[in-house]
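**Student:** What follows is the file coords-v1.cif, containing mmCIF, C-alpha atoms:
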```
data_coords
#
loop_
_atom_site.label_atom_id
_atom_site.label_comp_id
_atom_site.auth_asym_id
_atom_site.auth_seq_id
_atom_site.Cartn_x
_atom_site.Cartn_y
_atom_site.Cartn_z
CA MET G 1 -12.83 21.86 0.34
CA PHE G 2 -14.45 21.02 3.66
CA MET G 3 -15.65 24.59 4.16
CA ARG G 4 -17.10 24.73 0.66
CA LEU G 5 -18.93 21.46 1.25
CA LYS G 6 -20.28 22.75 4.57
CA ILE G 7 -21.61 25.88 2.91
CA CYS G 8 -23.35 23.82 0.24
CA ILE G 9 -25.02 21.56 2.79
CA THR G 10 -26.24 24.36 5.02
CA SER G 11 -27.57 26.21 1.97
CA ILE G 12 -29.82 23.32 0.95
CA PRO G 13 -32.85 24.41 3.05
CA LEU G 14 -32.73 27.91 1.54
CA LEU G 15 -32.32 26.53 -1.98
CA PHE G 16 -35.15 24.06 -1.36
CA THR G 17 -37.41 26.88 -0.19
CA LEU G 18 -36.67 28.88 -3.33
CA LEU G 19 -37.28 25.92 -5.63
CA CYS G 20 -40.35 24.65 -3.75
CA PRO G 21 -42.48 27.65 -2.72
CA ALA G 22 -45.28 26.96 -0.24
CA GLY G 23 -43.88 23.46 0.30
CA TRP G 24 -45.20 22.09 -3.01
CA CYS G 25 -42.34 19.57 -3.20
CA LEU G 26 -43.29 18.02 0.15
CA ASN G 27 -46.63 16.56 -0.94
CA ALA G 28 -45.91 13.03 0.22
CA ALA G 29 -44.45 14.19 3.55
CA ARG G 30 -47.55 15.98 4.82
CA GLN G 31 -50.33 14.01 6.43
CA TYR G 32 -53.80 15.20 7.38
CA TRP G 33 -56.65 14.17 9.61
CA VAL G 34 -60.08 14.42 8.03
CA GLY G 35 -63.23 14.51 10.13
CA PHE G 36 -66.88 14.56 9.15
CA ILE G 37 -70.33 13.84 10.57
CA SER G 38 -72.22 10.77 9.42
CA THR G 39 -74.88 8.41 10.78
CA VAL G 40 -74.53 5.08 12.58
CA GLY G 41 -77.91 3.41 12.74
CA SER G 42 -80.20 6.29 13.68
CA PHE G 43 -77.58 8.24 15.63
CA PRO G 44 -75.14 10.94 14.49
CA ALA G 45 -71.47 10.00 14.61
CA VAL G 46 -68.10 11.64 14.06
CA ILE G 47 -65.89 9.80 11.57
CA LEU G 48 -62.11 10.26 11.40
CA MET G 49 -59.65 9.19 8.72
CA LYS G 50 -56.11 10.07 7.68
CA ILE G 51 -54.77 10.99 4.23
CA ASP G 52 -51.68 12.49 2.66
CA SER G 53 -51.66 15.59 0.47
CA SER G 54 -52.08 13.52 -2.71
CA GLY G 55 -55.33 12.06 -1.39
CA GLU G 56 -53.95 8.61 -0.61
CA ILE G 57 -55.74 7.07 2.37
CA ILE G 58 -53.37 6.29 5.25
CA GLN G 59 -56.04 5.35 7.78
CA SER G 60 -59.49 4.26 6.64
CA PRO G 61 -62.60 5.96 8.06
CA ARG G 62 -63.46 4.85 11.58
CA ILE G 63 -66.05 5.89 14.14
CA ALA G 64 -64.55 8.24 16.73
CA PHE G 65 -67.76 8.57 18.75
CA VAL G 66 -71.56 8.50 18.53
CA ARG G 67 -73.99 10.99 20.13
CA THR G 68 -77.71 10.93 20.84
CA HIS G 69 -78.36 14.61 20.04
CA GLN G 70 -78.10 16.14 16.62
CA LEU G 71 -74.56 17.04 15.49
CA THR G 72 -74.38 19.99 13.12
CA SER G 73 -70.68 20.75 12.82
CA LEU G 74 -67.19 19.78 13.94
CA ALA G 75 -63.67 21.19 13.94
CA LEU G 76 -60.32 19.45 14.45
CA ALA G 77 -57.21 20.62 16.31
CA ASN G 78 -53.96 19.06 17.49
CA ALA G 79 -54.16 18.69 21.27
CA GLU G 80 -51.38 19.76 23.61
CA GLY G 81 -48.53 17.25 23.33
CA LEU G 82 -49.57 16.39 19.73
CA THR G 83 -50.43 12.75 20.53
CA ASP G 84 -54.18 13.45 20.68
CA LEU G 85 -56.80 15.27 18.67
CA ASN G 86 -59.29 17.77 20.06
CA VAL G 87 -62.58 17.35 18.22
CA TYR G 88 -64.88 20.34 18.76
CA PHE G 89 -68.56 19.83 18.03
CA MET G 90 -71.95 21.42 18.61
CA ASP G 91 -74.46 19.18 20.38
CA GLY G 92 -77.96 20.41 21.06
CA HIS G 93 -81.66 20.35 20.38
CA PHE G 94 -84.37 22.40 18.71
CA ASN G 95 -86.65 24.52 20.90
CA ARG G 96 -89.47 26.71 19.56
CA GLU G 97 -87.97 26.58 16.10
CA LYS G 98 -84.74 28.08 17.43
CA ARG G 99 -81.64 25.96 17.79
CA THR G 100 -79.74 26.14 21.08
CA GLU G 101 -76.50 24.19 21.12
CA ARG G 102 -73.56 23.69 23.45
CA LEU G 103 -69.93 23.38 22.45
CA PHE G 104 -68.14 20.18 23.50
CA VAL G 105 -64.55 19.02 23.08
CA ALA G 106 -63.74 15.33 22.64
CA LYS G 107 -60.24 14.00 23.30
CA VAL G 108 -59.23 11.41 20.70
CA PRO G 109 -55.84 9.63 20.81
CA LYS G 110 -54.33 9.57 17.33
CA ALA G 111 -53.14 6.00 17.88
CA THR G 112 -56.68 4.62 18.20
CA GLY G 113 -58.96 7.24 16.64
CA LYS G 114 -61.50 6.60 19.42
CA ALA G 115 -62.73 9.28 21.84
CA ILE G 116 -61.74 8.72 25.48
CA SER G 117 -63.31 11.80 27.10
CA PHE G 118 -65.82 14.60 26.50
CA ARG G 119 -65.63 18.06 28.03
CA ALA G 120 -68.58 20.44 28.01
CA THR G 121 -67.71 24.12 27.59
CA ASN G 122 -69.56 27.19 28.83
CA ILE G 123 -70.33 28.30 25.26
CA HIS G 124 -74.03 28.10 24.33
CA VAL G 125 -75.14 29.37 20.92
CA THR G 126 -78.65 29.96 19.59
CA ASN G 127 -79.23 29.73 15.83
CA TYR G 128 -75.64 28.63 15.36
CA LEU G 129 -74.33 28.60 11.76
CA HIS G 130 -70.69 27.52 11.57
CA LEU G 131 -67.79 26.30 13.74
CA GLN G 132 -64.02 26.37 13.21
CA VAL G 133 -60.87 26.30 15.33
CA THR G 134 -57.49 27.74 14.35
CA GLN G 135 -54.60 25.30 14.08
CA LYS G 136 -51.61 27.24 15.38
CA ARG G 137 -49.20 26.04 18.05
CA THR G 138 -50.24 28.83 20.45
CA ASP G 139 -52.92 31.54 20.77
CA ASN G 140 -55.63 29.47 19.12
CA PHE G 141 -59.25 30.52 19.10
CA ILE G 142 -62.66 29.12 18.26
CA ALA G 143 -64.68 30.84 15.53
CA LEU G 144 -68.49 30.66 15.68
CA SER G 145 -71.12 32.43 13.61
CA ASN G 146 -74.79 32.69 14.52
CA PHE G 147 -77.93 34.60 13.60
CA ASN G 148 -79.83 36.77 16.09
CA PHE G 149 -83.54 36.92 15.21
CA ALA G 150 -84.19 39.76 17.67
CA MET G 151 -81.57 41.95 15.97
CA MET G 152 -82.16 40.40 12.53
CA GLN G 153 -78.45 40.06 11.87
CA GLY G 154 -75.64 37.55 12.18
CA ARG G 155 -72.25 37.88 13.84
CA LEU G 156 -68.88 36.11 13.58
CA TYR G 157 -67.37 35.63 17.05
CA ALA G 158 -64.05 34.36 18.38
CA TYR G 159 -63.46 32.63 21.72
CA GLY G 160 -59.93 32.34 23.07
CA THR G 161 -58.62 28.96 24.22
CA LYS G 162 -56.23 27.75 26.90
CA SER G 163 -53.35 25.36 26.26
CA ASP G 164 -55.69 22.38 26.79
CA GLY G 165 -58.02 23.64 24.05
CA LEU G 166 -60.88 24.69 26.33
CA PRO G 167 -62.25 28.27 26.19
CA ASP G 168 -60.46 30.81 28.39
CA ASN G 169 -63.51 33.11 28.86
CA SER G 170 -62.27 35.73 26.38
CA SER G 171 -64.34 36.58 23.30
CA TRP G 172 -64.45 39.21 20.56
CA LEU G 173 -65.90 39.95 17.14
CA LEU G 174 -63.83 38.77 14.18
CA THR G 175 -65.34 41.52 12.04
CA GLU G 176 -67.35 44.65 12.78
CA HIS G 177 -69.42 43.87 9.69
CA SER G 178 -72.81 42.46 10.66
CA LEU G 179 -74.28 39.69 8.52
CA GLY G 180 -77.65 40.34 6.93
CA SER G 181 -78.25 43.66 8.71
CA GLY G 182 -79.80 45.28 5.64
CA LEU G 183 -82.50 42.68 5.05
CA GLY G 184 -85.37 44.61 6.56
CA GLY G 185 -86.91 41.69 8.44
CA GLU G 186 -85.62 38.78 6.38
CA SER G 187 -83.44 36.18 8.05
CA CYS G 188 -80.00 35.34 6.72
CA LEU G 189 -79.50 31.79 7.93
CA ASN G 190 -76.81 31.16 5.32
CA CYS G 191 -74.77 34.23 6.31
CA ALA G 192 -71.99 32.16 7.86
CA GLY G 193 -68.27 32.78 8.26
CA SER G 194 -64.97 30.90 8.31
CA VAL G 195 -61.41 31.50 9.50
CA SER G 196 -58.01 30.39 8.16
CA SER G 197 -56.02 27.76 10.05
CA ASP G 198 -53.33 30.35 10.90
CA GLY G 199 -55.97 32.70 12.33
CA ARG G 200 -54.96 35.64 10.14
CA TYR G 201 -57.97 35.84 7.82
CA ALA G 202 -61.71 35.41 8.04
CA VAL G 203 -64.23 35.16 5.21
CA PHE G 204 -67.97 35.53 5.56
CA VAL G 205 -71.17 35.83 3.55
CA ASP G 206 -73.67 38.67 3.77
CA LEU G 207 -77.01 39.01 2.04
CA GLU G 208 -78.32 42.21 0.49
CA PRO G 209 -81.92 42.63 -0.76
CA GLY G 210 -82.06 42.18 -4.52
CA SER G 211 -78.33 41.45 -4.77
CA GLY G 212 -77.90 37.88 -3.54
CA SER G 213 -75.02 36.67 -1.37
CA LEU G 214 -71.93 38.84 -1.03
CA ILE G 215 -68.63 37.37 0.16
CA TYR G 216 -66.11 39.42 2.14
CA SER G 217 -62.57 38.93 3.48
CA GLN G 218 -61.41 40.26 6.86
CA LYS G 219 -57.72 40.56 7.75
CA LEU G 220 -56.86 39.62 11.35
CA GLY G 221 -53.93 40.44 13.62
CA VAL G 222 -51.63 38.00 15.41
CA LYS G 223 -54.15 37.56 18.24
CA GLY G 224 -57.12 37.28 15.88
CA MET G 225 -58.34 40.86 16.22
CA PRO G 226 -59.78 42.50 13.06
CA LEU G 227 -57.46 44.87 11.20
CA GLY G 228 -59.45 47.54 9.39
CA PRO G 229 -62.73 47.09 7.54
CA ALA G 230 -63.75 43.98 5.60
CA ASN G 231 -63.11 43.79 1.84
CA PHE G 232 -65.87 42.95 -0.62
CA ILE G 233 -64.78 40.02 -2.81
CA ASP G 234 -67.67 38.89 -4.98
CA ASN G 235 -71.40 38.57 -5.51
CA THR G 236 -71.67 34.80 -5.38
CA HIS G 237 -75.05 34.56 -7.14
CA GLY G 238 -78.17 36.52 -7.93
CA ARG G 239 -81.31 36.96 -5.88
CA GLY G 240 -82.98 33.80 -4.64
CA GLY G 241 -79.89 31.61 -4.38
CA ALA G 242 -77.69 30.58 -1.48
CA THR G 243 -74.04 30.32 -0.45
CA ASN G 244 -73.78 28.06 2.58
CA TYR G 245 -70.10 27.14 2.94
CA GLU G 246 -66.81 28.98 2.54
CA ASP G 247 -63.19 28.58 3.64
CA VAL G 248 -59.82 30.31 3.23
CA SER G 249 -56.30 28.88 2.93
CA GLY G 250 -53.11 29.91 4.67
CA ILE G 251 -50.65 32.29 3.02
CA LEU G 252 -49.27 30.85 -0.24
CA HIS G 253 -46.51 31.61 -2.74
CA GLY G 254 -46.90 35.10 -4.17
CA GLU G 255 -48.35 36.46 -0.89
CA LYS G 256 -51.82 35.22 -1.75
CA ARG G 257 -54.57 33.17 -0.17
CA MET G 258 -57.36 31.15 -1.75
CA ILE G 259 -61.03 31.47 -0.83
CA VAL G 260 -63.41 28.65 -1.77
CA TYR G 261 -67.19 28.81 -1.57
CA ASP G 262 -70.28 27.14 -2.95
CA SER G 263 -72.98 28.96 -4.89
CA PHE G 264 -76.49 27.79 -5.67
CA PRO G 265 -78.15 30.28 -8.02
CA GLY G 266 -81.88 30.86 -8.02
CA GLY G 267 -84.29 32.95 -10.02
CA PRO G 268 -87.69 33.19 -11.68
CA GLY G 269 -86.83 30.39 -14.09
CA GLY G 270 -85.89 27.95 -11.33
CA SER G 271 -82.58 26.89 -9.86
CA GLY G 272 -79.44 25.86 -11.67
CA PRO G 273 -76.75 23.42 -10.55
CA ALA G 274 -74.66 24.24 -7.50
CA ARG G 275 -71.12 25.40 -8.16
CA ILE G 276 -67.89 25.61 -6.18
CA PHE G 277 -65.68 28.64 -6.85
CA LEU G 278 -62.11 29.56 -5.91
CA GLN G 279 -60.92 33.16 -5.69
CA ALA G 280 -57.33 34.22 -4.95
CA ILE G 281 -56.88 37.27 -2.70
CA ASP G 282 -53.88 39.42 -1.78
CA SER G 283 -52.87 38.43 1.76
CA ALA G 284 -51.62 41.94 2.52
CA THR G 285 -54.69 43.87 1.37
CA GLY G 286 -57.50 41.30 1.26
CA GLU G 287 -58.41 42.35 -2.27
CA LYS G 288 -59.12 39.77 -4.96
CA MET G 289 -56.43 38.77 -7.45
CA GLY G 290 -57.54 37.82 -10.95
CA HIS G 291 -60.78 36.11 -11.87
CA LYS G 292 -62.59 33.45 -9.88
CA ILE G 293 -62.16 29.83 -10.94
CA VAL G 294 -65.00 27.34 -11.29
CA LEU G 295 -63.99 24.09 -9.56
CA GLN G 296 -67.25 22.14 -9.69
CA THR G 297 -70.45 22.61 -11.68
CA ASP G 298 -72.43 19.36 -11.72
CA VAL G 299 -73.84 19.09 -8.19
CA GLN G 300 -77.17 20.13 -6.71
CA GLU G 301 -77.65 22.28 -3.60
CA ALA G 302 -78.76 19.39 -1.40
CA GLU G 303 -75.58 17.52 -2.30
CA ILE G 304 -73.15 20.17 -1.00
CA GLU G 305 -72.89 19.69 2.75
CA GLY G 306 -69.64 21.44 3.59
CA LEU G 307 -66.16 22.10 2.21
CA ALA G 308 -62.62 22.82 3.43
CA ILE G 309 -59.40 23.85 1.69
CA ASP G 310 -55.90 22.63 2.54
CA PRO G 311 -53.95 25.38 4.39
CA PHE G 312 -51.25 24.98 1.69
CA GLY G 313 -53.82 25.32 -1.11
CA GLN G 314 -53.05 21.94 -2.68
CA PHE G 315 -56.49 20.35 -2.44
CA LEU G 316 -60.13 20.86 -1.55
CA ILE G 317 -62.48 18.41 0.15
CA TYR G 318 -66.25 18.69 0.04
CA ALA G 319 -69.28 16.60 0.97
CA GLN G 320 -71.49 15.50 -1.93
CA ASN G 321 -74.07 12.98 -0.84
CA SER G 322 -75.09 11.68 -4.23
CA GLY G 323 -73.12 10.99 -7.34
CA SER G 324 -69.64 9.53 -7.49
CA CYS G 325 -68.43 10.33 -3.97
CA GLY G 326 -69.76 11.05 -0.50
CA LEU G 327 -66.63 12.86 0.63
CA CYS G 328 -64.74 14.21 -2.39
CA PHE G 329 -61.05 15.08 -2.81
CA GLN G 330 -60.12 17.63 -5.51
CA PRO G 331 -56.38 18.30 -6.17
CA LEU G 332 -55.43 21.88 -7.10
CA ASP G 333 -52.48 23.41 -8.92
CA GLN G 334 -50.56 26.47 -7.70
CA ARG G 335 -53.04 28.82 -9.37
CA GLY G 336 -56.05 27.09 -7.84
CA ASN G 337 -57.19 25.24 -10.95
CA ALA G 338 -58.58 21.72 -10.58
CA LEU G 339 -56.11 18.94 -11.39
CA GLY G 340 -58.28 16.25 -12.94
CA ARG G 341 -61.62 15.04 -11.64
CA PRO G 342 -62.51 14.75 -7.94
CA ARG G 343 -62.33 11.30 -6.38
CA ALA G 344 -63.96 9.68 -3.38
CA LEU G 345 -62.30 9.61 0.02
CA SER G 346 -65.38 7.92 1.48
CA LEU G 347 -68.76 6.78 0.19
CA LEU G 348 -70.36 7.30 3.61
CA GLN G 349 -72.95 10.02 3.95
CA ALA G 350 -70.98 13.07 5.08
CA ILE G 351 -71.67 16.60 6.28
CA ARG G 352 -69.45 19.45 7.52
CA PRO G 353 -65.98 17.98 6.79
CA ASP G 354 -62.83 19.48 8.29
CA ILE G 355 -59.12 18.87 7.66
CA LEU G 356 -56.16 19.18 10.02
CA LEU G 357 -52.43 19.07 9.28
CA ASP G 358 -50.96 16.38 11.53
CA LEU G 359 -48.15 17.93 13.59
CA ASN G 360 -47.17 14.68 15.30
#
```
Represent the supplied structure as structure tokens.
**Tutor:**
Amino acid sequence: MFMRLKICITSIPLLFTLLCPAGWCLNAARQYWVGFISTVGSFPAVILMKIDSSGEIIQSPRIAFVRTHQLTSLALANAEGLTDLNVYFMDGHFNREKRTERLFVAKVPKATGKAISFRATNIHVTNYLHLQVTQKRTDNFIALSNFNFAMMQGRLYAYGTKSDGLPDNSSWLLTEHSLGSGLGGESCLNCAGSVSSDGRYAVFVDLEPGSGSLIYSQKLGVKGMPLGPANFIDNTHGRGGATNYEDVSGILHGEKRMIVYDSFPGGPGGSGPARIFLQAIDSATGEKMGHKIVLQTDVQEAEIEGLAIDPFGQFLIYAQNSGSCGLCFQPLDQRGNALGRPRALSLLQAIRPDILLDLN
């Protein structure tokens, strides 16, 4: 009897995994840090808050730090020891209509949510587009995309990090695919890219003359190196529109991942409302699975100021600076469909939000 009972107890984790793929039954157990850029007085500020996977607020928004230069993006990571956060941000100025920015890392104790130190890195980026940091326990890297006016193309780069989160002087391309290289003199300032929290997939936007924005997926190896060519996923809109933000989840039940992106169509008759789409892809091949899902349809381009998907694919957050919420939380089902209407996490003006699974 004792042996049979022991077998049953030790089998519970396996049974739980089978019954609760991708951890769907652990909604209340997971907690997340959410960061976004806002304004305090006339100065840009980084705001931090804490939620659970159902969108319940555990820690209300608070000011982590204020800067005097323009802040255009941030990324969150668990610092070594897991008691602090590393907040990566670009801080810079405009010069001759070209933006030159430097990457900084702020150390923020989770207990207080207030920055206690700032470390400047040796990474300087001109015409920077997007910033992310992987959220693994080891071998993390920083992902940055920028546009080179001299070459008339964008690139998606990775920079390796040390255990303290600072760059280790290694860098590489996350995809051999150049962004906007076929434009024939046109700039592609919305040809940005994003990387999954586990560092195994990148997504990016390219722009082709007469075709609009094209979104691609790029499979990555354990160390973040590209594996094979990028896969075309979708034409996000027709000519004259824009896709400015995209993100990709971790691996989910059914060996899939979810890509989310915004799309603002344009054309001779004017512009329509901005939309947010979700597209499932095969994690093994990078090819799309099924049809894309429309998650949001009633926002305008100026109101979408960034988005991020939960690594477990259970929710999406996005910045919408008019309407019912400043920072919006949208629950998702296992197929990626919206569960009900989005609700407000914060009514503060928000841009470039990021989410981080709390490993503490």
**Student:** Run the PyMOL selection byres ((chain G and resi 219) around 10) on the file and write out the hits as an MDAnalysis selection string.
**Tutor:** chainID G and resid 174:175 195 199:203 217:218 220:221 224:231 283:286
**Student:** I need the output of the PyMOL selection byres ((chain G and resi 329-334) around 8) for this file as a list in words; which residues are they?
**Tutor:**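 Taken on the displayed file, the PyMOL selection byres ((chain G and resi 329-334) around 8) yields the residues Ser54, Gly55, Gly313, Gln314, Phe315, Leu316, Ile317, Tyr318, Leu327, Cys328, Arg335, Gly336, Asn337, Ala338, Leu339, Gly340, Arg341, Pro342, Arg343, Ala344 and Leu345 of chain G.
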**Student:** Point out the residue among G:Tyr216, G:Asn360, G:Phe36, G:Gln153 with the least atom-to-atom distance to Arg137 in chain G, counting only C-alpha atoms.
**Tutor:**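 Of G:Tyr216, G:Asn360, G:Phe36, G:Gln153, the one nearest Arg137 in chain G is G:Asn360, counting only C-alpha atoms.
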**Student:** Measuring atom to atom with all atoms listed in the file, identify which of G:Leu48, G:Asp310, G:Val260, G:Leu252 is nearest to Asp282 in chain G.
**Tutor:**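 Of G:Leu48, G:Asp310, G:Val260, G:Leu252, the one nearest Asp282 in chain G, counting all atoms listed in the file, is G:Leu252.
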**Student:** Taking the file as I've supplied it (selection: the PyMOL selection byres ((chain G and resi 289) around 10)), which residues are included? Please answer as a PDB file with C-alpha atoms, in the frame of the given file.
**Tutor:**
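The file below, part05.pdb, is the result:
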```
ATOM      1  CA  ILE G 233     -64.780  40.020  -2.810  1.00  0.00           C
ATOM      2  CA  LYS G 256     -51.820  35.220  -1.750  1.00  0.00           C
ATOM      3  CA  ARG G 257     -54.570  33.170  -0.170  1.00  0.00           C
ATOM      4  CA  MET G 258     -57.360  31.150  -1.750  1.00  0.00           C
ATOM      5  CA  GLN G 279     -60.920  33.160  -5.690  1.00  0.00           C
ATOM      6  CA  ALA G 280     -57.330  34.220  -4.950  1.00  0.00           C
ATOM      7  CA  ILE G 281     -56.880  37.270  -2.700  1.00  0.00           C
ATOM      8  CA  ASP G 282     -53.880  39.420  -1.780  1.00  0.00           C
ATOM      9  CA  SER G 283     -52.870  38.430   1.760  1.00  0.00           C
ATOM     10  CA  GLY G 286     -57.500  41.300   1.260  1.00  0.00           C
ATOM     11  CA  GLU G 287     -58.410  42.350  -2.270  1.00  0.00           C
ATOM     12  CA  LYS G 288     -59.120  39.770  -4.960  1.00  0.00           C
ATOM     13  CA  GLY G 290     -57.540  37.820 -10.950  1.00  0.00           C
ATOM     14  CA  HIS G 291     -60.780  36.110 -11.870  1.00  0.00           C
ATOM     15  CA  LYS G 292     -62.590  33.450  -9.880  1.00  0.00           C
TER      16      LYS G 292
END
```
**Student:** Can you tell me how far CA of Ile51 in chain G sits from CA of Ile142 in chain G, in Å to one decimal?
**Tutor:**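 Computing the Euclidean distance for CA of Ile51 in chain G and CA of Ile142 in chain G yields 24.2 Å.
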**Student:** Counting only C-alpha atoms, which residue out of G:Leu76, G:Leu295, G:Ala350, G:Ile123 sits closest to Cys325 in chain G?
**Tutor:**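 The answer is G:Ala350, which sits nearest to Cys325 in chain G.
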**Student:** If you measure from CA of Met90 in chain G to CA of Phe141 in chain G, what distance in Å do you get, rounded to one decimal?
**Tutor:**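 These two atoms are separated by 15.6 Å.
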**Student:** Quick one: pull the distance between CA of Ala192 in chain G and CA of Leu156 in chain G, Å, one decimal.
**Tutor:**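 So the answer is 7.6 Å.
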**Student:** What's around Thr68 in chain G at 9 Å? Count only C-alpha atoms, leave out sequence neighbours fewer than 4 positions away in its own chain, and write the answer as a ChimeraX atom specification.
**Tutor:** /G:42-45,91
**Student:** Restore N, CA, C and O atoms in range 68-84 of chain G and list the result as a PDB file, in the coordinates of the input.
**Tutor:**
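Once written, selection-v4.pdb looks like this:
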```
ATOM      1  N   THR G  68     -76.262  11.105  20.931  1.00  0.00           N
ATOM      2  CA  THR G  68     -77.710  10.930  20.840  1.00  0.00           C
ATOM      3  C   THR G  68     -78.402  12.187  20.332  1.00  0.00           C
ATOM      4  O   THR G  68     -79.485  12.108  19.762  1.00  0.00           O
ATOM      5  N   HIS G  69     -77.797  13.367  20.554  1.00  0.00           N
ATOM      6  CA  HIS G  69     -78.360  14.610  20.040  1.00  0.00           C
ATOM      7  C   HIS G  69     -77.835  14.885  18.643  1.00  0.00           C
ATOM      8  O   HIS G  69     -76.830  14.324  18.212  1.00  0.00           O
ATOM      9  N   GLN G  70     -78.501  15.776  17.964  1.00  0.00           N
ATOM     10  CA  GLN G  70     -78.100  16.140  16.620  1.00  0.00           C
ATOM     11  C   GLN G  70     -76.719  16.811  16.629  1.00  0.00           C
ATOM     12  O   GLN G  70     -76.421  17.666  17.468  1.00  0.00           O
ATOM     13  N   LEU G  71     -75.860  16.404  15.692  1.00  0.00           N
ATOM     14  CA  LEU G  71     -74.560  17.040  15.490  1.00  0.00           C
ATOM     15  C   LEU G  71     -74.634  17.862  14.209  1.00  0.00           C
ATOM     16  O   LEU G  71     -75.027  17.350  13.162  1.00  0.00           O
ATOM     17  N   THR G  72     -74.260  19.123  14.288  1.00  0.00           N
ATOM     18  CA  THR G  72     -74.380  19.990  13.120  1.00  0.00           C
ATOM     19  C   THR G  72     -73.054  20.480  12.582  1.00  0.00           C
ATOM     20  O   THR G  72     -73.010  21.024  11.481  1.00  0.00           O
ATOM     21  N   SER G  73     -71.972  20.318  13.324  1.00  0.00           N
ATOM     22  CA  SER G  73     -70.680  20.750  12.820  1.00  0.00           C
ATOM     23  C   SER G  73     -69.574  20.210  13.705  1.00  0.00           C
ATOM     24  O   SER G  73     -69.812  19.819  14.852  1.00  0.00           O
ATOM     25  N   LEU G  74     -68.356  20.169  13.150  1.00  0.00           N
ATOM     26  CA  LEU G  74     -67.190  19.780  13.940  1.00  0.00           C
ATOM     27  C   LEU G  74     -65.979  20.546  13.459  1.00  0.00           C
ATOM     28  O   LEU G  74     -65.965  21.108  12.360  1.00  0.00           O
ATOM     29  N   ALA G  75     -64.949  20.571  14.289  1.00  0.00           N
ATOM     30  CA  ALA G  75     -63.670  21.190  13.940  1.00  0.00           C
ATOM     31  C   ALA G  75     -62.565  20.405  14.626  1.00  0.00           C
ATOM     32  O   ALA G  75     -62.733  19.944  15.765  1.00  0.00           O
ATOM     33  N   LEU G  76     -61.436  20.244  13.944  1.00  0.00           N
ATOM     34  CA  LEU G  76     -60.320  19.450  14.450  1.00  0.00           C
ATOM     35  C   LEU G  76     -59.155  20.340  14.847  1.00  0.00           C
ATOM     36  O   LEU G  76     -58.894  21.366  14.218  1.00  0.00           O
ATOM     37  N   ALA G  77     -58.423  19.924  15.889  1.00  0.00           N
ATOM     38  CA  ALA G  77     -57.210  20.620  16.310  1.00  0.00           C
ATOM     39  C   ALA G  77     -56.257  19.615  16.935  1.00  0.00           C
ATOM     40  O   ALA G  77     -56.687  18.611  17.521  1.00  0.00           O
ATOM     41  N   ASN G  78     -54.956  19.868  16.799  1.00  0.00           N
ATOM     42  CA  ASN G  78     -53.960  19.060  17.490  1.00  0.00           C
ATOM     43  C   ASN G  78     -53.976  19.431  18.968  1.00  0.00           C
ATOM     44  O   ASN G  78     -53.859  20.607  19.332  1.00  0.00           O
ATOM     45  N   ALA G  79     -54.132  18.434  19.837  1.00  0.00           N
ATOM     46  CA  ALA G  79     -54.160  18.690  21.270  1.00  0.00           C
ATOM     47  C   ALA G  79     -52.745  18.934  21.788  1.00  0.00           C
ATOM     48  O   ALA G  79     -51.750  18.608  21.133  1.00  0.00           O
ATOM     49  N   GLU G  80     -52.663  19.507  22.967  1.00  0.00           N
ATOM     50  CA  GLU G  80     -51.380  19.760  23.610  1.00  0.00           C
ATOM     51  C   GLU G  80     -50.602  18.447  23.735  1.00  0.00           C
ATOM     52  O   GLU G  80     -51.136  17.433  24.168  1.00  0.00           O
ATOM     53  N   GLY G  81     -49.340  18.457  23.322  1.00  0.00           N
ATOM     54  CA  GLY G  81     -48.530  17.250  23.330  1.00  0.00           C
ATOM     55  C   GLY G  81     -48.520  16.531  21.995  1.00  0.00           C
ATOM     56  O   GLY G  81     -47.676  15.671  21.749  1.00  0.00           O
ATOM     57  N   LEU G  82     -49.493  16.858  21.118  1.00  0.00           N
ATOM     58  CA  LEU G  82     -49.570  16.390  19.730  1.00  0.00           C
ATOM     59  C   LEU G  82     -49.858  14.904  19.569  1.00  0.00           C
ATOM     60  O   LEU G  82     -49.878  14.399  18.453  1.00  0.00           O
ATOM     61  N   THR G  83     -50.101  14.174  20.665  1.00  0.00           N
ATOM     62  CA  THR G  83     -50.430  12.750  20.530  1.00  0.00           C
ATOM     63  C   THR G  83     -51.932  12.522  20.425  1.00  0.00           C
ATOM     64  O   THR G  83     -52.364  11.423  20.082  1.00  0.00           O
ATOM     65  N   ASP G  84     -52.724  13.554  20.727  1.00  0.00           N
ATOM     66  CA  ASP G  84     -54.180  13.450  20.680  1.00  0.00           C
ATOM     67  C   ASP G  84     -54.764  14.510  19.762  1.00  0.00           C
ATOM     68  O   ASP G  84     -54.114  15.503  19.428  1.00  0.00           O
TER      69      ASP G  84
END
```
